[in-house]
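Asks: Below is the structure I would like to discuss, written out as structure tokens.
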Amino acid sequence: MTDTVVNGPEPRARVRAMKEYHPPLGCRDALRLDFNENTMACSPAVREVLQGISADDLTRYPERGSVETQVAAALGLRPEQLLLTNGVDEAIHVLFQTFLDAGDELLLPLPTYTMYEVYASATDAQVVAVQAGEDLAFPYEALLEAITPRTKIIAIANPNSPSGSVATREQIVELATRAAHAVVLVDEAYYHFFGETVADLLDTIPNLVVARTFSKAYGLAGLRVGVLAGAAEAMRWVRRVLSPYSVNSVALACIPAAINDTSYLDWYVGEVLAGRAEFESALDACGVRRWPSRANFVLVYIGAKHREFVRGMSAAGVLVRDRSNDPGCDGCVRITIGTREQMRGAAVALEQVMSRLRREEDV
Ligand SMILES: Cc1ncc(COP(=O)(O)O)c(C=O)c1O
């Protein structure tokens, strides 16, 4: 056999240059404060729908139209302004595939959600990174300055991960005005914990695109459902790239129940906001530096012992996420916020692990 046959056909140069991305999942049988998921469950109404799904339901190809109409109505939008996707990840992927060409620039404030860079690296566009300062606040002025005629997409996670920082509505409007030739993606994956949106501006700002997910507050990360909303014309282009069946029928059956059970959502968000306030006080009492967060997680500074901290918390039954490799986040760990009761448990683990690490430092 020749080498060519053994190695198989060569992928595109862009794909060869891509970094492999392995989410550190596996063995997560503990309190999962590492992936910003809902830490409890989805709405009981969704579980009821799941129990009623028959084998016959699974024989059909999924039909997304009527669910798209319902989700659009819940967001105050027209159906042609919205697409359901296989999580926001697919929304990002198809948006980039639709708009990013060779010579285009993707403007990316850093640090931010990893998958923007992953999906951009599969296109022929250039990533133009704009690093936030030490406060990790939204680098608004630097982004404005980085806009060029080649800017094609500006991707803004709002609130941002891993920092928890936010861009204001005025800043987003100004960016969309100054980059009227580009798509301004506002990824509102953590919207429910923040409570502010720009989805109401979609009718007036034609280059604005908003993403939402059912993976966080709704507790449906395993179902993989995201939302991409924007001008009808932009959504028509994206739909050409999107698989018509990428949102499966089980997911589609569950979404109406999820959006209608607002009391479950309100309860969970209330728990997280109260849990966040209590846990922030515990961090302050422990002398752990943190960044202000408007999401269901908080970024903390541990320093050189970040790995030991993550291991110590895990040994205490609490999984947290090392973000030390994110740009500007050396020594940082991100901790998802769950319910008040869960966060009280996490605070006990935090105190124990921090005092052990400090004792070791003294020796
Ligand atoms: C900012 C942001 N957008 C999107 C996602 C992924 O959402 P989904 O599960 O809908 O693909 C995440 C997940 O952590 C995120 O932090």
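Labels for the structure tokens follow display order: chains A, B, ..., residues from 1 in each chain, ligands from 1.
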Determine, for each residue of range 206-272 of chain A having at least one atom at most 9 Å from an atom of range 62-66 of chain A, the closest pair of atoms and their separation in Å to one decimal, counting only C-alpha atoms; order by chain and ascending number, as CSV.
Replies:
residue,atom,partner,partner_atom,distance
A:Pro244,CA,A:Arg64,CA,8.2
A:Tyr245,CA,A:Pro62,CA,6.0
A:Ser246,CA,A:Pro62,CA,8.6
A:Val247,CA,A:Pro62,CA,7.2
A:Asn248,CA,A:Pro62,CA,5.7
A:Ser249,CA,A:Pro62,CA,4.6
A:Val250,CA,A:Pro62,CA,8.4
A:Leu252,CA,A:Arg64,CA,6.7
Asks: At a cut-off of 7 Å around ligand 1, and using only C-alpha atoms and all ligand atoms, what residues come up? Please write them as number ranges by chain.
Replies: A: 35-36, 86-90, 113, 157, 160-161, 187-189, 213-215, 221, 224-226
Asks: Determine the nearest neighbour of Tyr268 in chain A from the options A:Val333, A:Val298, A:Ala217, A:Ala199, counting only C-alpha atoms.
Replies: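 That would be A:Ala217, the residue with the smallest distance to Tyr268 in chain A.
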Asks: Quick one: everything within 8 Å of Val118 in chain A, counting only C-alpha atoms, minus sequence neighbours fewer than 3 positions away in the same chain. Send it as a ChimeraX atom specification.
Replies: /A:18-19,21,114-115,121-122
Asks: Can you check which residues of range 100-315 of chain A DSSP gives as alpha helix (DSSP H) on the backbone and send them as a compact mmCIF listing (two decimals) with N, CA and C atoms, in the first residue's frame?
Replies:
# COMPACT_ATOMS: atom_id res chain seq x y z
N THR A 114 -15.18 29.86 23.13
CA THR A 114 -14.17 29.21 22.28
C THR A 114 -14.65 28.88 20.86
N MET A 115 -15.93 28.54 20.73
CA MET A 115 -16.36 28.00 19.44
C MET A 115 -16.39 29.03 18.31
N TYR A 116 -16.40 30.33 18.65
CA TYR A 116 -16.34 31.33 17.57
C TYR A 116 -15.05 31.14 16.77
N GLU A 117 -13.96 30.99 17.51
CA GLU A 117 -12.66 30.86 16.85
C GLU A 117 -12.56 29.51 16.12
N VAL A 118 -13.12 28.48 16.73
CA VAL A 118 -13.08 27.14 16.10
C VAL A 118 -13.79 27.18 14.75
N TYR A 119 -15.02 27.71 14.74
CA TYR A 119 -15.76 27.72 13.47
C TYR A 119 -15.17 28.72 12.47
N ALA A 120 -14.62 29.82 12.97
CA ALA A 120 -14.00 30.78 12.05
C ALA A 120 -12.78 30.16 11.39
N SER A 121 -12.07 29.32 12.15
CA SER A 121 -10.83 28.77 11.59
C SER A 121 -11.11 27.77 10.46
N TYR A 140 -15.16 47.90 24.27
CA TYR A 140 -15.98 48.64 23.31
C TYR A 140 -15.16 49.57 22.41
N GLU A 141 -14.34 50.44 23.05
CA GLU A 141 -13.59 51.43 22.26
C GLU A 141 -12.63 50.74 21.29
N ALA A 142 -11.95 49.69 21.79
CA ALA A 142 -10.98 48.98 20.95
C ALA A 142 -11.69 48.28 19.79
N LEU A 143 -12.89 47.79 20.03
CA LEU A 143 -13.66 47.15 18.94
C LEU A 143 -14.04 48.16 17.88
N LEU A 144 -14.51 49.33 18.33
CA LEU A 144 -14.87 50.38 17.38
C LEU A 144 -13.68 50.71 16.47
N GLU A 145 -12.51 50.82 17.12
CA GLU A 145 -11.30 51.18 16.36
C GLU A 145 -10.88 50.08 15.39
N ALA A 146 -11.25 48.83 15.72
CA ALA A 146 -10.79 47.69 14.90
C ALA A 146 -11.69 47.44 13.68
N ARG A 169 -26.70 48.06 25.59
CA ARG A 169 -27.54 48.20 24.39
C ARG A 169 -27.00 49.33 23.49
N GLU A 170 -26.60 50.45 24.12
CA GLU A 170 -26.10 51.59 23.35
C GLU A 170 -24.81 51.21 22.61
N GLN A 171 -23.96 50.45 23.27
CA GLN A 171 -22.70 50.04 22.63
C GLN A 171 -22.98 49.13 21.43
N ILE A 172 -23.95 48.22 21.58
CA ILE A 172 -24.27 47.31 20.47
C ILE A 172 -24.85 48.09 19.29
N VAL A 173 -25.74 49.04 19.60
CA VAL A 173 -26.35 49.84 18.53
C VAL A 173 -25.27 50.62 17.79
N GLU A 174 -24.34 51.21 18.53
CA GLU A 174 -23.29 52.01 17.91
C GLU A 174 -22.37 51.13 17.05
N LEU A 175 -22.03 49.94 17.56
CA LEU A 175 -21.19 49.03 16.77
C LEU A 175 -21.91 48.64 15.48
N ALA A 176 -23.21 48.33 15.59
CA ALA A 176 -23.98 47.91 14.39
C ALA A 176 -24.10 49.07 13.41
N THR A 177 -24.15 50.30 13.91
CA THR A 177 -24.25 51.46 13.03
C THR A 177 -22.92 51.71 12.33
N ARG A 178 -21.83 51.63 13.12
CA ARG A 178 -20.50 51.91 12.54
C ARG A 178 -20.03 50.78 11.62
N TYR A 191 -29.02 34.97 28.39
CA TYR A 191 -29.99 36.06 28.49
C TYR A 191 -30.83 36.02 29.78
N HIS A 192 -31.33 34.83 30.13
CA HIS A 192 -32.29 34.76 31.25
C HIS A 192 -31.69 35.22 32.57
N PHE A 193 -30.38 35.10 32.72
CA PHE A 193 -29.74 35.51 33.97
C PHE A 193 -29.41 37.00 33.95
N PHE A 194 -29.38 37.59 32.78
CA PHE A 194 -29.04 39.00 32.59
C PHE A 194 -30.31 39.83 32.52
N ALA A 232 -35.18 39.00 7.87
CA ALA A 232 -35.69 37.86 7.10
C ALA A 232 -34.74 37.50 5.96
N GLU A 233 -34.15 38.51 5.32
CA GLU A 233 -33.28 38.22 4.18
C GLU A 233 -32.01 37.47 4.63
N ALA A 234 -31.42 37.92 5.73
CA ALA A 234 -30.22 37.23 6.25
C ALA A 234 -30.56 35.80 6.62
N MET A 235 -31.71 35.60 7.24
CA MET A 235 -32.09 34.26 7.66
C MET A 235 -32.35 33.35 6.45
N ARG A 236 -32.84 33.94 5.35
CA ARG A 236 -33.04 33.14 4.13
C ARG A 236 -31.72 32.61 3.62
N TRP A 237 -30.66 33.44 3.66
CA TRP A 237 -29.33 32.98 3.22
C TRP A 237 -28.82 31.88 4.14
N VAL A 238 -28.97 32.09 5.44
CA VAL A 238 -28.47 31.09 6.40
C VAL A 238 -29.21 29.77 6.21
N ARG A 239 -30.50 29.84 5.94
CA ARG A 239 -31.30 28.61 5.78
C ARG A 239 -30.79 27.75 4.62
N ARG A 240 -30.17 28.39 3.63
CA ARG A 240 -29.62 27.61 2.50
C ARG A 240 -28.50 26.69 2.96
N VAL A 241 -27.77 27.13 4.00
CA VAL A 241 -26.61 26.38 4.48
C VAL A 241 -27.02 25.34 5.53
N SER A 249 -36.77 15.43 16.11
CA SER A 249 -38.19 15.50 16.47
C SER A 249 -38.43 15.48 17.98
N VAL A 250 -37.57 14.81 18.75
CA VAL A 250 -37.75 14.80 20.21
C VAL A 250 -37.57 16.23 20.73
N ALA A 251 -36.53 16.87 20.25
CA ALA A 251 -36.26 18.25 20.66
C ALA A 251 -37.44 19.16 20.27
N LEU A 252 -37.91 19.01 19.03
CA LEU A 252 -39.01 19.86 18.56
C LEU A 252 -40.28 19.64 19.40
N ALA A 253 -40.51 18.39 19.81
CA ALA A 253 -41.70 18.10 20.62
C ALA A 253 -41.62 18.79 21.98
N CYS A 254 -40.40 18.92 22.51
CA CYS A 254 -40.23 19.46 23.86
C CYS A 254 -40.26 20.99 23.94
N ILE A 255 -39.88 21.66 22.86
CA ILE A 255 -39.69 23.11 22.94
C ILE A 255 -40.95 23.89 23.33
N PRO A 256 -42.14 23.56 22.74
CA PRO A 256 -43.33 24.33 23.16
C PRO A 256 -43.58 24.22 24.66
N ALA A 257 -43.42 23.03 25.23
CA ALA A 257 -43.63 22.87 26.69
C ALA A 257 -42.62 23.70 27.45
N ALA A 258 -41.38 23.72 26.97
CA ALA A 258 -40.32 24.49 27.66
C ALA A 258 -40.65 25.98 27.65
N ILE A 259 -41.07 26.50 26.50
CA ILE A 259 -41.30 27.96 26.46
C ILE A 259 -42.58 28.35 27.19
N ASN A 260 -43.54 27.42 27.28
CA ASN A 260 -44.80 27.76 27.96
C ASN A 260 -44.69 27.70 29.48
N THR A 262 -43.28 29.12 31.97
CA THR A 262 -42.47 30.26 32.42
C THR A 262 -42.26 30.22 33.93
N SER A 263 -43.16 29.58 34.68
CA SER A 263 -42.97 29.58 36.13
C SER A 263 -41.75 28.75 36.51
N TYR A 264 -41.51 27.64 35.78
CA TYR A 264 -40.30 26.85 36.08
C TYR A 264 -39.05 27.70 35.79
N LEU A 265 -39.07 28.36 34.66
CA LEU A 265 -37.92 29.17 34.26
C LEU A 265 -37.66 30.28 35.29
N ASP A 266 -38.74 30.95 35.70
CA ASP A 266 -38.60 32.02 36.69
C ASP A 266 -38.04 31.48 38.00
N TRP A 267 -38.52 30.29 38.40
CA TRP A 267 -38.02 29.70 39.65
C TRP A 267 -36.51 29.45 39.54
N TYR A 268 -36.11 28.82 38.43
CA TYR A 268 -34.69 28.45 38.31
C TYR A 268 -33.80 29.69 38.25
N VAL A 269 -34.20 30.67 37.47
CA VAL A 269 -33.40 31.90 37.35
C VAL A 269 -33.31 32.59 38.72
N GLY A 270 -34.42 32.61 39.46
CA GLY A 270 -34.42 33.21 40.81
C GLY A 270 -33.43 32.50 41.72
N GLU A 271 -33.41 31.17 41.64
CA GLU A 271 -32.46 30.39 42.45
C GLU A 271 -31.02 30.77 42.10
N VAL A 272 -30.74 30.86 40.81
CA VAL A 272 -29.37 31.15 40.36
C VAL A 272 -28.95 32.55 40.82
N LEU A 273 -29.85 33.52 40.67
CA LEU A 273 -29.46 34.89 41.04
C LEU A 273 -29.20 34.98 42.55
N ALA A 274 -30.05 34.31 43.34
CA ALA A 274 -29.83 34.31 44.79
C ALA A 274 -28.56 33.52 45.12
N GLY A 275 -28.37 32.39 44.44
CA GLY A 275 -27.17 31.56 44.66
C GLY A 275 -25.91 32.32 44.30
N ARG A 276 -25.99 33.12 43.24
CA ARG A 276 -24.81 33.89 42.81
C ARG A 276 -24.44 34.93 43.86
N ALA A 277 -25.44 35.63 44.38
CA ALA A 277 -25.16 36.66 45.39
C ALA A 277 -24.53 36.03 46.63
N GLU A 278 -25.09 34.90 47.08
CA GLU A 278 -24.53 34.24 48.28
C GLU A 278 -23.12 33.74 48.01
N PHE A 279 -22.91 33.14 46.84
CA PHE A 279 -21.60 32.57 46.54
C PHE A 279 -20.55 33.67 46.37
N GLU A 280 -20.96 34.80 45.80
CA GLU A 280 -20.02 35.92 45.67
C GLU A 280 -19.58 36.40 47.07
N SER A 281 -20.53 36.41 48.01
CA SER A 281 -20.16 36.80 49.38
C SER A 281 -19.17 35.80 49.96
N ALA A 282 -19.39 34.51 49.67
CA ALA A 282 -18.47 33.48 50.18
C ALA A 282 -17.07 33.67 49.57
N LEU A 283 -17.03 34.02 48.28
CA LEU A 283 -15.73 34.26 47.63
C LEU A 283 -15.03 35.45 48.28
N ASP A 284 -15.80 36.51 48.54
CA ASP A 284 -15.23 37.72 49.16
C ASP A 284 -14.70 37.39 50.56
N ALA A 285 -15.50 36.60 51.30
CA ALA A 285 -15.09 36.24 52.67
C ALA A 285 -13.80 35.42 52.64
N CYS A 286 -13.63 34.64 51.58
CA CYS A 286 -12.44 33.78 51.43
C CYS A 286 -11.25 34.57 50.86
N HIS A 306 -4.02 27.09 40.22
CA HIS A 306 -5.35 26.87 39.63
C HIS A 306 -5.64 25.39 39.39
N ARG A 307 -4.60 24.64 38.99
CA ARG A 307 -4.84 23.21 38.73
C ARG A 307 -5.16 22.47 40.02
N GLU A 308 -4.39 22.77 41.08
CA GLU A 308 -4.62 22.13 42.38
C GLU A 308 -6.01 22.50 42.88
N PHE A 309 -6.42 23.74 42.64
CA PHE A 309 -7.75 24.19 43.08
C PHE A 309 -8.83 23.35 42.39
N VAL A 310 -8.72 23.21 41.07
CA VAL A 310 -9.73 22.45 40.31
C VAL A 310 -9.76 21.00 40.80
N ARG A 311 -8.56 20.43 41.02
CA ARG A 311 -8.49 19.04 41.51
C ARG A 311 -9.08 18.93 42.91
N GLY A 312 -8.77 19.90 43.77
CA GLY A 312 -9.27 19.89 45.15
C GLY A 312 -10.79 19.97 45.19
N MET A 313 -11.34 20.86 44.36
CA MET A 313 -12.80 21.01 44.32
C MET A 313 -13.43 19.71 43.80
N SER A 314 -12.81 19.11 42.81
CA SER A 314 -13.33 17.87 42.25
C SER A 314 -13.32 16.76 43.30
N ALA A 315 -12.23 16.69 44.07
CA ALA A 315 -12.16 15.69 45.14
C ALA A 315 -13.24 15.94 46.19
Asks: From range 143-238 of chain A, collect each residue whose DSSP state is strand (DSSP E) and return the set as a list in words.
Replies: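 Selecting the strand (DSSP E) positions of range 143-238 of chain A gives Thr151, Lys152, Ile153, Ile154, Ala155, Ile156, Ala157, Val183, Val184, Leu185, Val186, Asp187, Leu208, Val209, Val210, Ala211, Arg212, Thr213, Gly226, Val227, Leu228, Ala229 and Gly230 of chain A.
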Asks: Can you write just those residues out, N, CA, C and O atoms, as a PDB file, in the first residue's frame?
Replies:
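Listed below is the output, selection_32.pdb:
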ATOM      1  N   THR A 151     -14.341  44.087   7.765  1.00  0.00           N
ATOM      2  CA  THR A 151     -15.075  43.454   8.875  1.00  0.00           C
ATOM      3  C   THR A 151     -16.378  42.873   8.337  1.00  0.00           C
ATOM      4  O   THR A 151     -17.183  43.587   7.736  1.00  0.00           O
ATOM      5  N   LYS A 152     -16.582  41.563   8.564  1.00  0.00           N
ATOM      6  CA  LYS A 152     -17.796  40.938   8.022  1.00  0.00           C
ATOM      7  C   LYS A 152     -18.733  40.494   9.135  1.00  0.00           C
ATOM      8  O   LYS A 152     -19.948  40.535   8.985  1.00  0.00           O
ATOM      9  N   ILE A 153     -18.128  40.036  10.248  1.00  0.00           N
ATOM     10  CA  ILE A 153     -18.949  39.662  11.407  1.00  0.00           C
ATOM     11  C   ILE A 153     -18.258  40.190  12.667  1.00  0.00           C
ATOM     12  O   ILE A 153     -17.031  40.129  12.775  1.00  0.00           O
ATOM     13  N   ILE A 154     -19.061  40.698  13.590  1.00  0.00           N
ATOM     14  CA  ILE A 154     -18.570  40.990  14.942  1.00  0.00           C
ATOM     15  C   ILE A 154     -19.354  40.063  15.857  1.00  0.00           C
ATOM     16  O   ILE A 154     -20.592  40.068  15.839  1.00  0.00           O
ATOM     17  N   ALA A 155     -18.641  39.207  16.609  1.00  0.00           N
ATOM     18  CA  ALA A 155     -19.336  38.231  17.465  1.00  0.00           C
ATOM     19  C   ALA A 155     -19.221  38.662  18.919  1.00  0.00           C
ATOM     20  O   ALA A 155     -18.122  38.774  19.460  1.00  0.00           O
ATOM     21  N   ILE A 156     -20.374  38.895  19.532  1.00  0.00           N
ATOM     22  CA  ILE A 156     -20.406  39.390  20.916  1.00  0.00           C
ATOM     23  C   ILE A 156     -21.261  38.451  21.756  1.00  0.00           C
ATOM     24  O   ILE A 156     -22.469  38.326  21.523  1.00  0.00           O
ATOM     25  N   ALA A 157     -20.637  37.782  22.718  1.00  0.00           N
ATOM     26  CA  ALA A 157     -21.419  36.985  23.671  1.00  0.00           C
ATOM     27  C   ALA A 157     -21.867  37.945  24.768  1.00  0.00           C
ATOM     28  O   ALA A 157     -21.038  38.602  25.390  1.00  0.00           O
ATOM     29  N   VAL A 183     -22.239  41.793   9.803  1.00  0.00           N
ATOM     30  CA  VAL A 183     -23.248  41.186  10.678  1.00  0.00           C
ATOM     31  C   VAL A 183     -22.767  41.367  12.116  1.00  0.00           C
ATOM     32  O   VAL A 183     -21.619  41.059  12.429  1.00  0.00           O
ATOM     33  N   VAL A 184     -23.629  41.869  12.980  1.00  0.00           N
ATOM     34  CA  VAL A 184     -23.285  41.946  14.400  1.00  0.00           C
ATOM     35  C   VAL A 184     -24.075  40.852  15.120  1.00  0.00           C
ATOM     36  O   VAL A 184     -25.304  40.934  15.246  1.00  0.00           O
ATOM     37  N   LEU A 185     -23.355  39.790  15.499  1.00  0.00           N
ATOM     38  CA  LEU A 185     -23.986  38.667  16.199  1.00  0.00           C
ATOM     39  C   LEU A 185     -23.956  38.935  17.698  1.00  0.00           C
ATOM     40  O   LEU A 185     -22.881  39.101  18.282  1.00  0.00           O
ATOM     41  N   VAL A 186     -25.125  38.975  18.314  1.00  0.00           N
ATOM     42  CA  VAL A 186     -25.197  39.102  19.771  1.00  0.00           C
ATOM     43  C   VAL A 186     -25.707  37.762  20.299  1.00  0.00           C
ATOM     44  O   VAL A 186     -26.862  37.385  20.081  1.00  0.00           O
ATOM     45  N   ASP A 187     -24.793  37.022  20.925  1.00  0.00           N
ATOM     46  CA  ASP A 187     -25.094  35.678  21.413  1.00  0.00           C
ATOM     47  C   ASP A 187     -25.631  35.799  22.838  1.00  0.00           C
ATOM     48  O   ASP A 187     -24.888  36.026  23.784  1.00  0.00           O
ATOM     49  N   LEU A 208     -28.237  43.245  12.496  1.00  0.00           N
ATOM     50  CA  LEU A 208     -28.160  42.640  13.829  1.00  0.00           C
ATOM     51  C   LEU A 208     -28.700  41.212  13.777  1.00  0.00           C
ATOM     52  O   LEU A 208     -29.719  40.953  13.132  1.00  0.00           O
ATOM     53  N   VAL A 209     -27.992  40.301  14.439  1.00  0.00           N
ATOM     54  CA  VAL A 209     -28.437  38.905  14.540  1.00  0.00           C
ATOM     55  C   VAL A 209     -28.321  38.505  16.006  1.00  0.00           C
ATOM     56  O   VAL A 209     -27.318  38.810  16.652  1.00  0.00           O
ATOM     57  N   VAL A 210     -29.356  37.839  16.523  1.00  0.00           N
ATOM     58  CA  VAL A 210     -29.361  37.457  17.940  1.00  0.00           C
ATOM     59  C   VAL A 210     -29.452  35.936  18.041  1.00  0.00           C
ATOM     60  O   VAL A 210     -30.208  35.309  17.296  1.00  0.00           O
ATOM     61  N   ALA A 211     -28.665  35.352  18.958  1.00  0.00           N
ATOM     62  CA  ALA A 211     -28.747  33.908  19.198  1.00  0.00           C
ATOM     63  C   ALA A 211     -29.241  33.656  20.612  1.00  0.00           C
ATOM     64  O   ALA A 211     -28.940  34.425  21.536  1.00  0.00           O
ATOM     65  N   ARG A 212     -30.014  32.617  20.771  1.00  0.00           N
ATOM     66  CA  ARG A 212     -30.491  32.165  22.088  1.00  0.00           C
ATOM     67  C   ARG A 212     -30.315  30.646  22.163  1.00  0.00           C
ATOM     68  O   ARG A 212     -30.242  29.985  21.129  1.00  0.00           O
ATOM     69  N   THR A 213     -30.357  30.108  23.378  1.00  0.00           N
ATOM     70  CA  THR A 213     -30.206  28.660  23.508  1.00  0.00           C
ATOM     71  C   THR A 213     -31.189  28.077  24.513  1.00  0.00           C
ATOM     72  O   THR A 213     -31.642  28.792  25.418  1.00  0.00           O
ATOM     73  N   GLY A 226     -30.931  25.564  19.551  1.00  0.00           N
ATOM     74  CA  GLY A 226     -30.569  26.972  19.590  1.00  0.00           C
ATOM     75  C   GLY A 226     -31.493  27.760  18.686  1.00  0.00           C
ATOM     76  O   GLY A 226     -32.293  27.189  17.925  1.00  0.00           O
ATOM     77  N   VAL A 227     -31.393  29.071  18.783  1.00  0.00           N
ATOM     78  CA  VAL A 227     -32.232  29.970  17.993  1.00  0.00           C
ATOM     79  C   VAL A 227     -31.318  31.006  17.348  1.00  0.00           C
ATOM     80  O   VAL A 227     -30.420  31.538  18.008  1.00  0.00           O
ATOM     81  N   LEU A 228     -31.549  31.263  16.058  1.00  0.00           N
ATOM     82  CA  LEU A 228     -30.843  32.356  15.400  1.00  0.00           C
ATOM     83  C   LEU A 228     -31.914  33.274  14.821  1.00  0.00           C
ATOM     84  O   LEU A 228     -32.813  32.808  14.116  1.00  0.00           O
ATOM     85  N   ALA A 229     -31.838  34.562  15.150  1.00  0.00           N
ATOM     86  CA  ALA A 229     -32.879  35.486  14.697  1.00  0.00           C
ATOM     87  C   ALA A 229     -32.231  36.714  14.086  1.00  0.00           C
ATOM     88  O   ALA A 229     -31.192  37.187  14.558  1.00  0.00           O
ATOM     89  N   GLY A 230     -32.844  37.221  13.022  1.00  0.00           N
ATOM     90  CA  GLY A 230     -32.295  38.406  12.356  1.00  0.00           C
ATOM     91  C   GLY A 230     -33.237  38.853  11.260  1.00  0.00           C
ATOM     92  O   GLY A 230     -34.396  38.405  11.196  1.00  0.00           O
TER      93      GLY A 230
END
Asks: Smallest atom-to-atom distance to Ile335 in chain A: which of A:Val353, A:Leu201, A:Val128, A:Val318, using only C-alpha atoms?
Replies: A:Val318
